Structures are given as structure tokens and as C-alpha cells.
$ cat final19.pdb   # PDB, C-alpha atoms
ATOM      1  CA  ARG A   1      97.227 119.017 111.389
ATOM      2  CA  ALA A   2      94.934 117.763 108.647
ATOM      3  CA  GLY A   3      92.829 120.849 109.197
ATOM      4  CA  ARG A   4      95.816 123.037 108.390
ATOM      5  CA  THR A   5      96.171 121.425 104.989
ATOM      6  CA  SER A   6      92.449 121.418 104.251
ATOM      7  CA  GLY A   7      92.469 125.178 104.745
ATOM      8  CA  LEU A   8      94.355 125.421 101.462
ATOM      9  CA  HIS A   9      91.024 125.025  99.633
ATOM     10  CA  TRP A  10      90.261 128.666 100.228
ATOM     11  CA  LEU A  11      93.632 129.845  98.897
ATOM     12  CA  VAL A  12      94.237 127.562  95.933
ATOM     13  CA  ARG A  13      92.825 128.283  92.497
ATOM     14  CA  PRO A  14      90.393 125.634  91.178
ATOM     15  CA  PRO A  15      92.312 122.569  89.930
ATOM     16  CA  ALA A  16      91.250 123.092  86.325
ATOM     17  CA  GLU A  17      93.012 126.478  86.359
ATOM     18  CA  ALA A  18      96.168 125.361  88.114
ATOM     19  CA  PRO A  19      99.284 125.198  85.893
ATOM     20  CA  GLY A  20     100.829 121.832  85.162
ATOM     21  CA  LEU A  21      97.592 119.947  85.677
ATOM     22  CA  LYS A  22      95.568 117.929  83.210
ATOM     23  CA  GLY A  23      91.889 117.398  83.731
ATOM     24  CA  GLY A  24      92.071 118.815  87.251
ATOM     25  CA  ARG A  25      94.920 116.580  88.432
ATOM     26  CA  MET A  26      98.537 115.815  87.666
ATOM     27  CA  ALA A  27      98.846 113.464  84.699
ATOM     28  CA  THR A  28     100.413 110.081  85.476
ATOM     29  CA  LYS A  29     103.609 109.653  83.517
ATOM     30  CA  ARG A  30     105.740 106.657  82.664
ATOM     31  CA  GLU A  31     108.281 105.949  79.964
ATOM     32  CA  GLU A  32     106.355 102.903  78.755
ATOM     33  CA  LYS A  33     102.572 102.682  78.858
ATOM     34  CA  GLN A  34     101.604  99.687  80.952
ATOM     35  CA  ALA A  35      98.607  98.801  83.066
ATOM     36  CA  LYS A  36      99.015  99.866  86.687
ATOM     37  CA  PRO A  37      99.153  96.815  88.993
ATOM     38  CA  LYS A  38      96.057  96.430  91.158
ATOM     39  CA  VAL A  39      97.915  94.688  93.983
ATOM     40  CA  VAL A  40     100.297  96.768  96.092
ATOM     41  CA  CYS A  41     102.831  93.971  96.393
ATOM     42  CA  SER A  42     102.516  90.200  96.554
ATOM     43  CA  PHE A  43     105.772  90.059  98.479
ATOM     44  CA  LEU A  44     108.046  92.663  99.980
ATOM     45  CA  PRO A  45     111.784  92.316  99.252
ATOM     46  CA  VAL A  46     113.987  93.165 102.217
ATOM     47  CA  ASP A  47     116.905  94.181 100.020
ATOM     48  CA  ASN A  48     116.825  95.289  96.387
ATOM     49  CA  PRO A  49     114.907  96.848  94.787
ATOM     50  CA  ILE A  50     114.555  99.608  97.363
ATOM     51  CA  LYS A  51     111.302 101.574  97.521
ATOM     52  CA  ALA A  52     112.993 104.806  96.436
ATOM     53  CA  THR A  53     111.442 108.171  95.619
ATOM     54  CA  SER A  54     112.230 111.576  94.151
ATOM     55  CA  PRO A  55     112.232 114.668  96.413
ATOM     56  CA  VAL A  56     109.195 116.948  96.597
ATOM     57  CA  ASN A  57     109.289 120.647  97.435
ATOM     58  CA  PHE A  58     105.684 121.534  98.216
ATOM     59  CA  ALA A  59     106.316 125.277  97.957
ATOM     60  CA  GLU A  60     107.662 124.902  94.417
ATOM     61  CA  VAL A  61     104.815 122.617  93.348
ATOM     62  CA  LEU A  62     101.911 124.411  95.000
ATOM     63  CA  GLY A  63     103.239 127.980  95.070
ATOM     64  CA  PRO A  64     102.077 128.838  91.520
ATOM     65  CA  MET A  65      98.539 127.701  92.427
ATOM     66  CA  ILE A  66      98.116 130.053  95.398
ATOM     67  CA  LYS A  67      96.017 133.173  94.969
ATOM     68  CA  LYS A  68      98.099 136.295  94.627
ATOM     69  CA  GLY A  69      98.736 137.983  97.958
ATOM     70  CA  GLU A  70      98.029 134.831 100.013
ATOM     71  CA  GLU A  71     101.491 133.264  99.740
ATOM     72  CA  SER A  72     102.511 134.075 103.315
ATOM     73  CA  ALA A  73      99.417 132.329 104.699
ATOM     74  CA  VAL A  74     100.597 128.933 103.464
ATOM     75  CA  SER A  75     104.388 129.212 103.484
ATOM     76  CA  GLU A  76     104.667 127.618 106.947
ATOM     77  CA  LEU A  77     102.421 124.731 105.918
ATOM     78  CA  PHE A  78     104.425 124.085 102.739
ATOM     79  CA  ALA A  79     107.630 124.062 104.777
ATOM     80  CA  ALA A  80     106.086 121.626 107.280
ATOM     81  CA  LEU A  81     105.005 119.261 104.487
ATOM     82  CA  THR A  82     108.421 119.316 102.830
ATOM     83  CA  SER A  83     110.215 118.832 106.140
ATOM     84  CA  ALA A  84     107.904 116.007 107.257
ATOM     85  CA  ARG A  85     108.486 114.117 104.013
ATOM     86  CA  GLU A  86     112.243 114.616 104.231
ATOM     87  CA  MET A  87     112.261 113.292 107.796
ATOM     88  CA  VAL A  88     110.338 110.175 106.723
ATOM     89  CA  LEU A  89     112.923 109.527 104.017
ATOM     90  CA  TRP A  90     115.692 110.154 106.545
ATOM     91  CA  ALA A  91     114.144 107.649 108.961
ATOM     92  CA  VAL A  92     113.600 104.920 106.331
ATOM     93  CA  ASP A  93     117.255 104.940 105.296
ATOM     94  CA  ARG A  94     118.151 101.346 106.148
ATOM     95  CA  ASP A  95     121.706 102.325 107.079
ATOM     96  CA  ARG A  96     120.482 104.549 109.923
ATOM     97  CA  THR A  97     120.414 101.689 112.386
ATOM     98  CA  MET A  98     120.114 104.010 115.392
ATOM     99  CA  VAL A  99     116.637 105.222 114.335
ATOM    100  CA  SER A 100     114.150 103.422 116.553
ATOM    101  CA  PHE A 101     110.922 101.888 115.305
ATOM    102  CA  GLU A 102     109.011 104.327 117.516
ATOM    103  CA  GLU A 103     110.721 107.313 115.896
ATOM    104  CA  LEU A 104     109.992 105.921 112.429
ATOM    105  CA  GLU A 105     106.310 105.503 113.332
ATOM    106  CA  SER A 106     106.239 109.048 114.713
ATOM    107  CA  ARG A 107     107.662 110.495 111.477
ATOM    108  CA  LEU A 108     105.099 108.562 109.447
ATOM    109  CA  ARG A 109     102.196 109.736 111.628
ATOM    110  CA  GLU A 110     103.268 113.367 111.348
ATOM    111  CA  TYR A 111     103.524 113.239 107.565
ATOM    112  CA  GLY A 112     100.316 111.239 107.246
ATOM    113  CA  ARG A 113      98.360 113.823 109.256
ATOM    114  CA  LEU A 114      99.513 116.593 106.958
ATOM    115  CA  LEU A 115      98.816 114.596 103.805
ATOM    116  CA  ARG A 116      95.288 113.716 104.849
ATOM    117  CA  GLY A 117      94.397 117.388 104.849
ATOM    118  CA  PHE A 118      94.570 117.295 101.046
ATOM    119  CA  ALA A 119      91.753 114.726 100.999
ATOM    120  CA  ALA A 120      89.466 116.666 103.346
ATOM    121  CA  PRO A 121      86.690 118.520 101.466
ATOM    122  CA  PRO A 122      86.274 122.185 102.442
ATOM    123  CA  SER A 123      82.462 122.201 102.314
ATOM    124  CA  GLU A 124      79.553 121.206 100.137
ATOM    125  CA  ALA A 125      79.554 122.787  96.712
ATOM    126  CA  ASP A 126      76.982 125.510  96.064
ATOM    127  CA  ASP A 127      75.220 123.433  93.421
ATOM    128  CA  GLY A 128      74.751 120.511  95.803
ATOM    129  CA  LYS A 129      77.493 118.428  94.215
ATOM    130  CA  ARG A 130      80.261 116.827  96.218
ATOM    131  CA  ALA A 131      82.964 119.385  97.042
ATOM    132  CA  LYS A 132      86.289 118.746  95.336
ATOM    133  CA  THR A 133      89.420 118.072  97.335
ATOM    134  CA  LEU A 134      93.104 118.788  96.692
ATOM    135  CA  ARG A 135      94.172 115.141  96.853
ATOM    136  CA  HIS A 136      95.356 115.094  93.210
ATOM    137  CA  VAL A 137      97.287 118.384  92.984
ATOM    138  CA  VAL A 138     100.766 117.035  93.813
ATOM    139  CA  GLY A 139     102.623 114.331  91.874
ATOM    140  CA  TYR A 140     104.895 111.905  93.756
ATOM    141  CA  VAL A 141     107.429 109.634  92.044
ATOM    142  CA  TRP A 142     108.133 106.226  93.613
ATOM    143  CA  ARG A 143     109.846 103.073  92.412
ATOM    144  CA  ASP A 144     107.516 100.233  91.495
ATOM    145  CA  LEU A 145     108.678  97.170  93.465
ATOM    146  CA  LEU A 146     106.782  94.837  91.120
ATOM    147  CA  ASP A 147     108.570  96.157  88.026
ATOM    148  CA  VAL A 148     111.587  93.949  87.298
ATOM    149  CA  LYS A 149     113.247  96.844  85.467
ATOM    150  CA  GLY A 150     112.975  99.091  88.519
ATOM    151  CA  ARG A 151     111.003 101.824  86.796
ATOM    152  CA  ASP A 152     109.103 104.562  88.593
ATOM    153  CA  TRP A 153     105.504 105.715  88.821
ATOM    154  CA  MET A 154     104.308 109.281  89.207
ATOM    155  CA  MET A 155     101.197 109.112  91.381
ATOM    156  CA  SER A 156      98.995 112.138  91.971
ATOM    157  CA  ASP A 157      97.026 111.059  95.024
ATOM    158  CA  CYS A 158      97.863 111.831  98.647
ATOM    159  CA  ALA A 159      96.584 108.401  99.758
ATOM    160  CA  LEU A 160      98.996 106.643  97.397
ATOM    161  CA  GLU A 161     101.800 108.867  98.655
ATOM    162  CA  GLU A 162     101.081 107.853 102.254
ATOM    163  CA  ALA A 163     100.824 104.201 101.172
ATOM    164  CA  SER A 164     104.194 104.400  99.429
ATOM    165  CA  ALA A 165     105.849 105.963 102.479
ATOM    166  CA  LEU A 166     104.421 103.198 104.680
ATOM    167  CA  LEU A 167     105.603 100.536 102.235
ATOM    168  CA  ALA A 168     109.107 102.025 102.222
ATOM    169  CA  ALA A 169     109.077 102.048 106.028
ATOM    170  CA  ALA A 170     107.907  98.435 106.209
ATOM    171  CA  GLN A 171     110.661  97.382 103.828
ATOM    172  CA  THR A 172     113.261  99.189 105.936
ATOM    173  CA  VAL A 173     112.087  97.566 109.172
ATOM    174  CA  LEU A 174     112.099  94.118 107.569
ATOM    175  CA  SER A 175     115.580  94.733 106.172
ATOM    176  CA  ARG A 176     116.929  95.769 109.573
ATOM    177  CA  SER A 177     115.188  92.857 111.301
ATOM    178  CA  ALA A 178     116.600  90.360 108.811
ATOM    179  CA  ARG A 179     120.110  91.399 109.836
ATOM    180  CA  GLU A 180     119.478  90.653 113.510
ATOM    181  CA  ALA A 181     120.196  87.274 115.009
ATOM    182  CA  VAL A 182     117.164  85.988 116.912
ATOM    183  CA  THR A 183     117.978  85.323 120.564
ATOM    184  CA  ASP A 184     116.051  84.740 123.772
ATOM    185  CA  ALA A 185     116.700  88.376 124.637
ATOM    186  CA  ASN A 186     115.295  89.983 121.483
ATOM    187  CA  GLY A 187     112.833  87.358 120.194
ATOM    188  CA  ILE A 188     109.726  88.946 121.698
ATOM    189  CA  GLN A 189     110.793  92.407 120.558
ATOM    190  CA  LEU A 190     111.323  91.206 116.977
ATOM    191  CA  HIS A 191     107.968  89.437 116.955
ATOM    192  CA  THR A 192     106.199  92.567 118.197
ATOM    193  CA  ARG A 193     107.957  94.693 115.596
ATOM    194  CA  LEU A 194     106.928  92.361 112.765
ATOM    195  CA  ARG A 195     103.301  92.428 113.927
ATOM    196  CA  ARG A 196     103.388  96.215 113.765
ATOM    197  CA  VAL A 197     104.842  96.009 110.248
ATOM    198  CA  ALA A 198     101.876  93.810 109.326
ATOM    199  CA  GLY A 199      99.663  96.638 110.557
ATOM    200  CA  MET A 200     101.534  99.046 108.270
ATOM    201  CA  LEU A 201     100.902  96.788 105.278
ATOM    202  CA  ALA A 202      97.212  96.516 106.155
ATOM    203  CA  ARG A 203      97.083 100.310 106.191
ATOM    204  CA  VAL A 204      98.795 100.365 102.770
ATOM    205  CA  ARG A 205      96.058  98.183 101.282
ATOM    206  CA  ALA A 206      93.355 100.360 102.838
ATOM    207  CA  LEU A 207      94.919 103.503 101.359
ATOM    208  CA  VAL A 208      95.163 101.944  97.901
ATOM    209  CA  ASP A 209      91.483 100.992  98.107
ATOM    210  CA  GLU A 210      90.678 104.564  99.143
ATOM    211  CA  ALA A 211      92.608 105.941  96.164
ATOM    212  CA  ASP A 212      90.820 103.569  93.776
ATOM    213  CA  LYS A 213      87.409 104.670  95.087
ATOM    214  CA  ALA A 214      88.409 108.342  94.808
ATOM    215  CA  ALA A 215      89.467 107.776  91.181
ATOM    216  CA  VAL A 216      86.073 106.229  90.383
ATOM    217  CA  LEU A 217      84.220 109.138  92.004
ATOM    218  CA  ALA A 218      86.382 111.677  90.170
ATOM    219  CA  ALA A 219      85.673 109.962  86.864
ATOM    220  CA  GLY A 220      81.956 110.096  87.615
ATOM    221  CA  ASP A 221      82.201 113.828  88.305
ATOM    222  CA  GLY A 222      83.887 114.347  84.934
ATOM    223  CA  ASP A 223      87.253 115.445  86.365
TER
END
$ encode --input "final19.pdb" --output "C-alpha cells"
Amino acid sequence: RAGRTSGLHWLVRPPAEAPGLKGGRMATKREEKQAKPKVVCSFLPVDNPIKATSPVNFAEVLGPMIKKGEESAVSELFAALTSAREMVLWAVDRDRTMVSFEELESRLREYGRLLRGFAAPPSEADDGKRAKTLRHVVGYVWRDLLDVKGRDWMMSDCALEEASALLAAAQTVLSRSAREAVTDANGIQLHTRLRRVAGMLARVRALVDEADKAAVLAAGDGD
């Protein structure tokens, strides 16, 4: 699936020419200018604030960047991205108690595979420089759990988007688990589930590190 997304490199105009972009990527916006926290989260609340997000329609965001006449070649991919994200948000709704942990993981894997295509370089650049990716072309708005006022960040990196989806999923699983009474019958199951949540959080940290390294490389390339 990642390969499907990486194929967009041949159909999308260079980032510097794409509308709505600044310096080759979506500008980060916030009502008040504050330093972005370096730590994903020192603790994860199981109730409020909820890791909420704004909807993303990939066809609306990326459509204007597609070369004229090539729209039909990517329409299915845009629909798959939008649908996969919507299904993740559907699955992380903490009130949907009938959604199993396995289904939640499956939704996350599907969306993650599609997102990672944006970070895959198409080829080496002709001048020998590192080929640019599409990881910064879409902006995603998520609530900052460390902000006591519950304000949002717009992040333009596919790794941070995947990290945010995983963090929202982890919060949902912890919230559902906190409501369950621990018994001899479900104790092992709860313990296993929490260990898998720990794996999600480890993945979140790895993705944030990846995004930080990508930002440093982009700055070095003059993007």
C-alpha cells in the first residue's frame, strides 16, 4: 500500500509550486506562538482531554496539486486515504465498546501503510541530491494533550499524523480498560492489552524521532 502512495511523486507538482504551501510544506499554525513540546506526553490521560482531530479530505487537499489530466489516476488512492482515516477515528471513539482491540489495530495498520507512502522517496534526484518526499504536503490538526487550554496543533508530517492516531488509539484503549473491573477471568487479557498499548506508545516515540530527523534534513536542504 505504501507503494501506491509513493507513486504520487510522478503526478504531483513540485512542493514549491503547490498552492497553500510555504517553503515546500504546509506552514504550522497556532493561535499563540509557543515552543512545540519535545516530549510526546509524560502521561496519558484516560479521560479528558481527548486526543481529538479535525477531518481531512485528501482529495480536496491534494487535488489542486495533481498534474492536469492525471486526476483519475489518484482518485481511488485519495478515497482510500480519507476512508482509512475516518475508520481509525470511528474505531477510537471510546463509546464504541463493541470495537475489538484487534479491529482497532487493523484500522491503524491500514492507515499507517498508506501514510508511509508519503515518506517514501521516488528515486535519487538527477543532481545527486537526496530525492524529496511528499511527507509534508498535508496538514493535520490534533489536540495537544499537554496544553492545559486544550488548543490544537497543525502538523504537516505524515509520521506525526501516524503518531497522533496511535496516541488517540492508546488513550481509547486505556479509557475502556479503566472502566473494566479486573477479575480472574479477564486479568490476563487486560494485562496483554496494556502491553500492546505500551508497544503503541513506543511506536509513537519512534515516529516523533523520525519526524524530528526529517525536519533537520529538510532544513539542511534549504526547504
$ residues_around --input "final19.pdb" --residues "A:Trp142" --least-positions-apart "6" --cutoff "12 Å" --atoms "only C-alpha atoms" --output "list in words"
Thr28, Lys29, Arg30, Pro49, Ile50, Lys51, Ala52, Thr53, Ser54, Pro55, Val56, Leu89, Gly150, Arg151, Asp152, Trp153, Met154, Met155, Ser156, Leu160, Glu161, Glu162, Ala163, Ser164, Ala165, Leu167 and Ala168 of chain A
$ resolve_selection --input "final19.pdb" --expression "the PyMOL selection byres ((chain A and resi 90) around 12)" --output "list in words"
Ala52, Thr53, Pro55, Ser83, Ala84, Arg85, Glu86, Met87, Val88, Leu89, Ala91, Val92, Asp93, Arg94, Asp95, Arg96, Thr97, Met98, Val99, Glu103, Leu104, Arg107, Leu108, Ala165, Ala168, Ala169 and Thr172 of chain A
$ atom_distance --input "final19.pdb" --atom1 "atom CA of A:Leu190" --atom2 "atom CA of A:Ser177"
7.1 Å
$ atom_distance --input "final19.pdb" --atom1 "atom CA of A:Phe101" --atom2 "atom CA of A:Asp212"
29.5 Å
$ resolve_selection --input "final19.pdb" --expression "the PyMOL selection byres ((chain A and resi 157) around 10)" --output "NGL selection string"
:A and (25-26 or 115 or 118-119 or 134-140 or 154-156 or 158-163 or 208 or 210-212 or 214-215)
$ closest_residue --input "final19.pdb" --among "A:Val216, A:Leu174, A:Lys149, A:Arg143" --to "A:Arg196" --atoms "only C-alpha atoms"
A:Leu174
$ closest_residue --input "final19.pdb" --among "A:Ala218, A:Gly112, A:Glu105, A:Asp47" --to "A:Gly199" --atoms "only C-alpha atoms"
A:Glu105
$ axis_aligned_box --input "final19.pdb" --around "stretch 203-219 of chain A" --padding-each-side "8 Å" --output "AutoDock Vina command-line options"
--center_x 91.5 --center_y 104.9 --center_z 96.5 --size_x 30.6 --size_y 29.5 --size_z 35.3
$ closest_residue --input "final19.pdb" --among "A:Leu207, A:Val148, A:Ala120, A:Leu62" --to "A:Val74" --atoms "all atoms listed in the file"
A:Leu62
$ atom_distance --input "final19.pdb" --atom1 "atom CA of A:Pro45" --atom2 "atom CA of A:Arg176"
12.0 Å
$ decode --input "final19.pdb" --residues "stretch 86-126 of chain A" --atoms "N, CA and C atoms" --output "PDB file, in the first residue's frame"
ATOM      1  N   GLU A  86     -10.935   7.999   8.385  1.00  0.00           N
ATOM      2  CA  GLU A  86     -12.259   8.040   9.010  1.00  0.00           C
ATOM      3  C   GLU A  86     -12.535   6.780   9.823  1.00  0.00           C
ATOM      4  N   MET A  87     -12.077   5.633   9.333  1.00  0.00           N
ATOM      5  CA  MET A  87     -12.308   4.382  10.051  1.00  0.00           C
ATOM      6  C   MET A  87     -11.464   4.300  11.325  1.00  0.00           C
ATOM      7  N   VAL A  88     -10.272   4.901  11.308  1.00  0.00           N
ATOM      8  CA  VAL A  88      -9.477   4.980  12.539  1.00  0.00           C
ATOM      9  C   VAL A  88     -10.219   5.814  13.576  1.00  0.00           C
ATOM     10  N   LEU A  89     -10.735   6.962  13.151  1.00  0.00           N
ATOM     11  CA  LEU A  89     -11.451   7.835  14.080  1.00  0.00           C
ATOM     12  C   LEU A  89     -12.733   7.171  14.576  1.00  0.00           C
ATOM     13  N   TRP A  90     -13.368   6.402  13.706  1.00  0.00           N
ATOM     14  CA  TRP A  90     -14.553   5.638  14.121  1.00  0.00           C
ATOM     15  C   TRP A  90     -14.176   4.616  15.190  1.00  0.00           C
ATOM     16  N   ALA A  91     -13.056   3.925  14.992  1.00  0.00           N
ATOM     17  CA  ALA A  91     -12.647   2.867  15.910  1.00  0.00           C
ATOM     18  C   ALA A  91     -12.156   3.409  17.247  1.00  0.00           C
ATOM     19  N   VAL A  92     -11.588   4.636  17.268  1.00  0.00           N
ATOM     20  CA  VAL A  92     -11.063   5.170  18.527  1.00  0.00           C
ATOM     21  C   VAL A  92     -12.125   5.884  19.353  1.00  0.00           C
ATOM     22  N   ASP A  93     -13.333   5.959  18.837  1.00  0.00           N
ATOM     23  CA  ASP A  93     -14.434   6.528  19.633  1.00  0.00           C
ATOM     24  C   ASP A  93     -14.621   5.667  20.876  1.00  0.00           C
ATOM     25  N   ARG A  94     -14.366   6.220  22.036  1.00  0.00           N
ATOM     26  CA  ARG A  94     -14.373   5.426  23.270  1.00  0.00           C
ATOM     27  C   ARG A  94     -15.743   4.869  23.626  1.00  0.00           C
ATOM     28  N   ASP A  95     -16.783   5.425  23.033  1.00  0.00           N
ATOM     29  CA  ASP A  95     -18.142   4.917  23.305  1.00  0.00           C
ATOM     30  C   ASP A  95     -18.498   3.705  22.456  1.00  0.00           C
ATOM     31  N   ARG A  96     -17.674   3.382  21.478  1.00  0.00           N
ATOM     32  CA  ARG A  96     -17.924   2.195  20.645  1.00  0.00           C
ATOM     33  C   ARG A  96     -17.283   0.984  21.332  1.00  0.00           C
ATOM     34  N   THR A  97     -17.908   0.537  22.365  1.00  0.00           N
ATOM     35  CA  THR A  97     -17.334  -0.522  23.198  1.00  0.00           C
ATOM     36  C   THR A  97     -17.294  -1.874  22.498  1.00  0.00           C
ATOM     37  N   MET A  98     -18.020  -2.029  21.401  1.00  0.00           N
ATOM     38  CA  MET A  98     -18.042  -3.312  20.702  1.00  0.00           C
ATOM     39  C   MET A  98     -16.884  -3.447  19.712  1.00  0.00           C
ATOM     40  N   VAL A  99     -16.107  -2.387  19.503  1.00  0.00           N
ATOM     41  CA  VAL A  99     -14.949  -2.464  18.606  1.00  0.00           C
ATOM     42  C   VAL A  99     -13.820  -3.174  19.345  1.00  0.00           C
ATOM     43  N   SER A 100     -13.366  -4.282  18.797  1.00  0.00           N
ATOM     44  CA  SER A 100     -12.325  -5.056  19.462  1.00  0.00           C
ATOM     45  C   SER A 100     -10.962  -4.393  19.294  1.00  0.00           C
ATOM     46  N   PHE A 101     -10.033  -4.778  20.162  1.00  0.00           N
ATOM     47  CA  PHE A 101      -8.676  -4.254  20.074  1.00  0.00           C
ATOM     48  C   PHE A 101      -8.043  -4.676  18.752  1.00  0.00           C
ATOM     49  N   GLU A 102      -8.343  -5.888  18.314  1.00  0.00           N
ATOM     50  CA  GLU A 102      -7.791  -6.391  17.049  1.00  0.00           C
ATOM     51  C   GLU A 102      -8.285  -5.561  15.862  1.00  0.00           C
ATOM     52  N   GLU A 103      -9.561  -5.173  15.888  1.00  0.00           N
ATOM     53  CA  GLU A 103     -10.077  -4.349  14.796  1.00  0.00           C
ATOM     54  C   GLU A 103      -9.435  -2.965  14.822  1.00  0.00           C
ATOM     55  N   LEU A 104      -9.251  -2.407  16.007  1.00  0.00           N
ATOM     56  CA  LEU A 104      -8.598  -1.108  16.137  1.00  0.00           C
ATOM     57  C   LEU A 104      -7.183  -1.171  15.572  1.00  0.00           C
ATOM     58  N   GLU A 105      -6.431  -2.211  15.937  1.00  0.00           N
ATOM     59  CA  GLU A 105      -5.075  -2.375  15.412  1.00  0.00           C
ATOM     60  C   GLU A 105      -5.091  -2.502  13.887  1.00  0.00           C
ATOM     61  N   SER A 106      -6.064  -3.228  13.358  1.00  0.00           N
ATOM     62  CA  SER A 106      -6.160  -3.419  11.917  1.00  0.00           C
ATOM     63  C   SER A 106      -6.400  -2.091  11.202  1.00  0.00           C
ATOM     64  N   ARG A 107      -7.285  -1.258  11.754  1.00  0.00           N
ATOM     65  CA  ARG A 107      -7.556   0.055  11.155  1.00  0.00           C
ATOM     66  C   ARG A 107      -6.298   0.926  11.174  1.00  0.00           C
ATOM     67  N   LEU A 108      -5.571   0.868  12.274  1.00  0.00           N
ATOM     68  CA  LEU A 108      -4.340   1.654  12.389  1.00  0.00           C
ATOM     69  C   LEU A 108      -3.281   1.186  11.389  1.00  0.00           C
ATOM     70  N   ARG A 109      -3.141  -0.129  11.234  1.00  0.00           N
ATOM     71  CA  ARG A 109      -2.151  -0.660  10.287  1.00  0.00           C
ATOM     72  C   ARG A 109      -2.477  -0.238   8.864  1.00  0.00           C
ATOM     73  N   GLU A 110      -3.753  -0.308   8.502  1.00  0.00           N
ATOM     74  CA  GLU A 110      -4.162   0.055   7.148  1.00  0.00           C
ATOM     75  C   GLU A 110      -3.853   1.525   6.856  1.00  0.00           C
ATOM     76  N   TYR A 111      -4.203   2.396   7.782  1.00  0.00           N
ATOM     77  CA  TYR A 111      -3.941   3.818   7.586  1.00  0.00           C
ATOM     78  C   TYR A 111      -2.444   4.110   7.601  1.00  0.00           C
ATOM     79  N   GLY A 112      -1.727   3.454   8.504  1.00  0.00           N
ATOM     80  CA  GLY A 112      -0.285   3.656   8.588  1.00  0.00           C
ATOM     81  C   GLY A 112       0.425   3.259   7.308  1.00  0.00           C
ATOM     82  N   ARG A 113       0.002   2.161   6.686  1.00  0.00           N
ATOM     83  CA  ARG A 113       0.624   1.729   5.425  1.00  0.00           C
ATOM     84  C   ARG A 113       0.450   2.779   4.336  1.00  0.00           C
ATOM     85  N   LEU A 114      -0.744   3.350   4.271  1.00  0.00           N
ATOM     86  CA  LEU A 114      -0.994   4.372   3.261  1.00  0.00           C
ATOM     87  C   LEU A 114      -0.200   5.646   3.552  1.00  0.00           C
ATOM     88  N   LEU A 115      -0.144   6.040   4.811  1.00  0.00           N
ATOM     89  CA  LEU A 115       0.589   7.247   5.168  1.00  0.00           C
ATOM     90  C   LEU A 115       2.072   7.134   4.854  1.00  0.00           C
ATOM     91  N   ARG A 116       2.639   5.960   5.096  1.00  0.00           N
ATOM     92  CA  ARG A 116       4.080   5.811   4.920  1.00  0.00           C
ATOM     93  C   ARG A 116       4.508   5.961   3.466  1.00  0.00           C
ATOM     94  N   GLY A 117       3.571   5.830   2.555  1.00  0.00           N
ATOM     95  CA  GLY A 117       3.897   6.076   1.155  1.00  0.00           C
ATOM     96  C   GLY A 117       4.322   7.506   0.903  1.00  0.00           C
ATOM     97  N   PHE A 118       3.800   8.455   1.708  1.00  0.00           N
ATOM     98  CA  PHE A 118       4.190   9.853   1.538  1.00  0.00           C
ATOM     99  C   PHE A 118       5.666  10.081   1.882  1.00  0.00           C
ATOM    100  N   ALA A 119       6.208   9.234   2.751  1.00  0.00           N
ATOM    101  CA  ALA A 119       7.602   9.404   3.179  1.00  0.00           C
ATOM    102  C   ALA A 119       8.587   8.639   2.313  1.00  0.00           C
ATOM    103  N   ALA A 120       8.090   7.861   1.363  1.00  0.00           N
ATOM    104  CA  ALA A 120       8.969   7.053   0.514  1.00  0.00           C
ATOM    105  C   ALA A 120       9.467   7.885  -0.660  1.00  0.00           C
ATOM    106  N   PRO A 121      10.783   8.049  -0.818  1.00  0.00           N
ATOM    107  CA  PRO A 121      11.306   8.840  -1.940  1.00  0.00           C
ATOM    108  C   PRO A 121      11.095   8.104  -3.258  1.00  0.00           C
ATOM    109  N   PRO A 122      10.804   8.822  -4.328  1.00  0.00           N
ATOM    110  CA  PRO A 122      10.561   8.179  -5.623  1.00  0.00           C
ATOM    111  C   PRO A 122      11.827   7.616  -6.253  1.00  0.00           C
ATOM    112  N   SER A 123      12.928   8.361  -6.124  1.00  0.00           N
ATOM    113  CA  SER A 123      14.203   7.963  -6.734  1.00  0.00           C
ATOM    114  C   SER A 123      15.246   8.980  -6.313  1.00  0.00           C
ATOM    115  N   GLU A 124      16.464   8.767  -6.730  1.00  0.00           N
ATOM    116  CA  GLU A 124      17.502   9.766  -6.487  1.00  0.00           C
ATOM    117  C   GLU A 124      17.306  10.938  -7.440  1.00  0.00           C
ATOM    118  N   ALA A 125      17.548  12.120  -6.935  1.00  0.00           N
ATOM    119  CA  ALA A 125      17.446  13.310  -7.777  1.00  0.00           C
ATOM    120  C   ALA A 125      18.531  13.295  -8.852  1.00  0.00           C
ATOM    121  N   ASP A 126      18.255  13.972  -9.965  1.00  0.00           N
ATOM    122  CA  ASP A 126      19.204  13.976 -11.081  1.00  0.00           C
ATOM    123  C   ASP A 126      20.542  14.592 -10.701  1.00  0.00           C
TER     124      ASP A 126
END
